[in-house]
Amino acid sequence: MYNEKMYDLGTNGCCIRELSEYGRARAAVVGPENVYDFSIGNPSIPAPEAVTQTIRQILADTDSLAIHSYTSATGDLQTRQAIAEDLNKRFGTDAGPEDLFIGCGAAPELCAVFKALAVPGARILAVAPYFTEYQPWVEGAGAEFVAVPADIPGFQIRLDAVEQLMTPNTVAIIINSPNNPAGTVYTEQTLRELAEVLTRKGQEFGHPIFIVADEPYRELVYDGVAAPFIPNIYPNTVVCYSYSKSLSLPGERIGYIYVPKAAEKAAELMTCIAGAARELGHICAPSLWQKVIARCAHLRPDLAAYDRNRRALYEALLEYGYEVAKPDGAFYLFVKAPGGNAKAFSEKAMKKDLLLVPGDDFGCPEYLRVCYCVSYEKIIKSLPIFKALMEE
Ligand code: PLP
């Protein structure tokens with residue numbers, strides 16, 4: 001006797017991971033150089049050299065017991081202090097260690113935040129296109145998942161739809177900027193207008209409506225575009241940050257949750273988040289990595305390689321006649337499927353060993369996601385395939 005819902009989730013895996021597993025198997029048959037696997041957002045630039053040096057320093061100057069022992073449940077004080085200082089320097093915030101919870105990456109952080117906010121009957125909105133896993137995470141927290149339709153082709157936020165979908169049970173809206181899968185960045189104007197709607201609706205319903213800002217790509221922006229720091233626009237924001245993409249550390253499972261002091265009942269919310277993380281068993285993030293972040297919170301990625309890929313792919317796809325969302329951030333292009341059926345197009349591309357994720361599970365079935373966190377050579381070698389698919 002097992003939980004059928006879990007069986008279902010285990011059987012119908014995440015579409016990204018399924019395609020990536022297919023790519024791995026296919027590479028074993030035809031050779032990795034012949035598979036154009038643009039399915040998964042695994043960073044293709046190494047972690048900064050300073051991270052490697054810091055690990056060596058920690059191993060040399062810290063007692064081995066201390067390196068590997070449990071930290072406090074909310075995270076090492078020094079780590080939280082270092083992150084707070086970095087946030088304050090960059091965004092003029094008044095963050096202190098008490099406003100931070102060190103998590104094992106954005107995934108469990110988001111699960112804890114959803115659980116902390118999920119009062120009985122709670123509804124949580126997510127702006128499409130959205131990360132595929134939000135729905136199981138929200139539902140796992142016991143809340144109702146409601147998709148806000150995408151704003152095509154600009155991929156900002158349809159505020160009319162947000163407003164329409166809000167009920168007194170709405171406790172939060174998830175936004176992700178720079179966006180996976182669209183590669184777009186929400187403008188300050190979009191965020192201010194969203195803040196206005198949430199403030200007005202919160203007053204009408206008599207409780208705050210939180211923005212859950214999923215921010216693994218915060219530093220991955222190009223051409224001088226800035227990703228506004230959302231708590232400075234709307235204080236009832238919970239930031240879920242991860243070093244998976246910015247420092248190329250997805251396998252290490254490290255990030256943080258930040259609740260600004262100005263959020264309503266901020267201290268109580270932090271306690272609820274700690275309680276939710278406790279119930280989920282996601283406490284004491286990896287100790288060595290907390291120590292690394294305590295010394296590396298100020299590091300930023302060198303985006304030159306991603307930017308080169310982005311330009312080469314974007315320019316070529318436009319030239320072949322594809323419609324592509326303006327790629328200001330993250331490492332994804334969101335491409336309208338010629339013919340309008342992304343699943344059918346993805347299957348056609350697969351026959352040529354080009355792996356593109358159809359947008360259905362992102363809430364955008366006419367679009368395909370192309371991850372350009374691969375080698376430049378792979379991008380260049382894939383271009384004739386994109387061209388041939390368009391001509392077909
Ligand atoms: N949110 C978004 C939008 C993502 O793209 C990802 C990973 O790709 C995650 C959350 C999960 O990130 P993490 O590796 O930090 O758990």
# chains A, B, ... in the order shown; residues from 1 in each chain; ligands from 1
>>> select_by_dssp(residues="stretch 153-260 of chain A", states="strand (DSSP E)", output="list in words")
Thr170, Val171, Ala172, Ile173, Ile174, Ile175, Phe210, Ile211, Val212, Ala213, Asp214, Thr237, Val238, Val239, Cys240, Tyr241, Ser242, Gly255, Tyr256, Ile257 and Tyr258 of chain A
>>> residues_around(residues="A:Thr71", least_positions_apart="6", cutoff="12 Å", atoms="only C-alpha atoms", output="PyMOL selection string")
chain A and resi 65+77-80+101-103+283-291
>>> write_last_selection(atoms="N, CA and C atoms", output="JSON list (two decimals), in the first residue's frame")
[["chain", "number", "residue", "atom", "x", "y", "z"],
["A", 65, "LEU", "N", 36.42, 18.47, 12.39],
["A", 65, "LEU", "CA", 35.13, 18.23, 13.05],
["A", 65, "LEU", "C", 34.16, 19.38, 12.76],
["A", 77, "LEU", "N", 25.83, 31.25, 11.66],
["A", 77, "LEU", "CA", 25.69, 32.70, 11.85],
["A", 77, "LEU", "C", 26.59, 33.48, 10.88],
["A", 78, "GLN", "N", 27.84, 33.02, 10.74],
["A", 78, "GLN", "CA", 28.78, 33.75, 9.85],
["A", 78, "GLN", "C", 28.29, 33.76, 8.40],
["A", 79, "THR", "N", 27.66, 32.69, 7.98],
["A", 79, "THR", "CA", 27.16, 32.62, 6.60],
["A", 79, "THR", "C", 26.01, 33.62, 6.44],
["A", 80, "ARG", "N", 25.11, 33.62, 7.39],
["A", 80, "ARG", "CA", 23.97, 34.53, 7.30],
["A", 80, "ARG", "C", 24.44, 35.99, 7.37],
["A", 101, "PHE", "N", 17.51, 32.41, 6.17],
["A", 101, "PHE", "CA", 17.50, 30.97, 6.46],
["A", 101, "PHE", "C", 18.35, 30.33, 5.37],
["A", 102, "ILE", "N", 19.38, 29.60, 5.74],
["A", 102, "ILE", "CA", 20.23, 28.97, 4.73],
["A", 102, "ILE", "C", 19.57, 27.66, 4.30],
["A", 103, "GLY", "N", 19.33, 27.52, 3.00],
["A", 103, "GLY", "CA", 18.61, 26.35, 2.50],
["A", 103, "GLY", "C", 19.48, 25.52, 1.57],
["A", 283, "ILE", "N", 16.83, 20.96, 7.02],
["A", 283, "ILE", "CA", 17.55, 21.90, 7.88],
["A", 283, "ILE", "C", 19.04, 21.61, 7.79],
["A", 284, "CYS", "N", 19.84, 22.48, 8.38],
["A", 284, "CYS", "CA", 21.30, 22.27, 8.40],
["A", 284, "CYS", "C", 21.82, 22.03, 6.99],
["A", 285, "ALA", "N", 21.77, 23.03, 6.14],
["A", 285, "ALA", "CA", 22.31, 22.91, 4.78],
["A", 285, "ALA", "C", 23.77, 22.47, 4.86],
["A", 286, "PRO", "N", 24.32, 21.92, 3.76],
["A", 286, "PRO", "CA", 25.67, 21.35, 3.81],
["A", 286, "PRO", "C", 26.69, 22.29, 4.47],
["A", 287, "SER", "N", 27.34, 21.77, 5.49],
["A", 287, "SER", "CA", 28.19, 22.60, 6.35],
["A", 287, "SER", "C", 29.39, 23.19, 5.60],
["A", 288, "LEU", "N", 30.09, 22.35, 4.82],
["A", 288, "LEU", "CA", 31.25, 22.87, 4.10],
["A", 288, "LEU", "C", 30.82, 24.01, 3.17],
["A", 289, "TRP", "N", 29.68, 23.83, 2.50],
["A", 289, "TRP", "CA", 29.25, 24.84, 1.53],
["A", 289, "TRP", "C", 28.77, 26.11, 2.22],
["A", 290, "GLN", "N", 28.24, 25.97, 3.42],
["A", 290, "GLN", "CA", 27.91, 27.19, 4.17],
["A", 290, "GLN", "C", 29.19, 27.97, 4.46],
["A", 291, "LYS", "N", 30.26, 27.23, 4.77],
["A", 291, "LYS", "CA", 31.52, 27.91, 5.10],
["A", 291, "LYS", "C", 32.11, 28.56, 3.85]]
>>> residues_near_ligand(ligand="ligand 1", cutoff="8 Å", atoms="only C-alpha atoms and all ligand atoms", output="ChimeraX atom specification")
/A:40-42,104-110,130-131,133,176,179-181,214-217,241-245,250-251,253-255
>>> residues_around(residues="A:Asn169", least_positions_apart="3", cutoff="9 Å", atoms="only C-alpha atoms", output="list of chain:residue names")
A:Val119, A:Pro120, A:Gly121, A:Ala122, A:Arg123, A:Ile124, A:Met166, A:Phe205
>>> write_last_selection(atoms="C-alpha atoms", output="tab-separated table (two decimals), in the first residue's frame")
chain	number	residue	atom	x	y	z
A	119	VAL	CA	-3.20	28.09	5.51
A	120	PRO	CA	-6.17	25.73	4.89
A	121	GLY	CA	-7.74	26.46	1.49
A	122	ALA	CA	-4.77	28.62	0.39
A	123	ARG	CA	-4.34	29.41	-3.28
A	124	ILE	CA	-0.94	30.25	-4.75
A	166	MET	CA	-7.30	36.44	-6.98
A	205	PHE	CA	-8.99	40.76	1.62
>>> closest_residue(among="A:Ser69, A:Asn3, A:Thr62, A:Thr74", to="A:Gly275", atoms="only C-alpha atoms")
A:Thr74
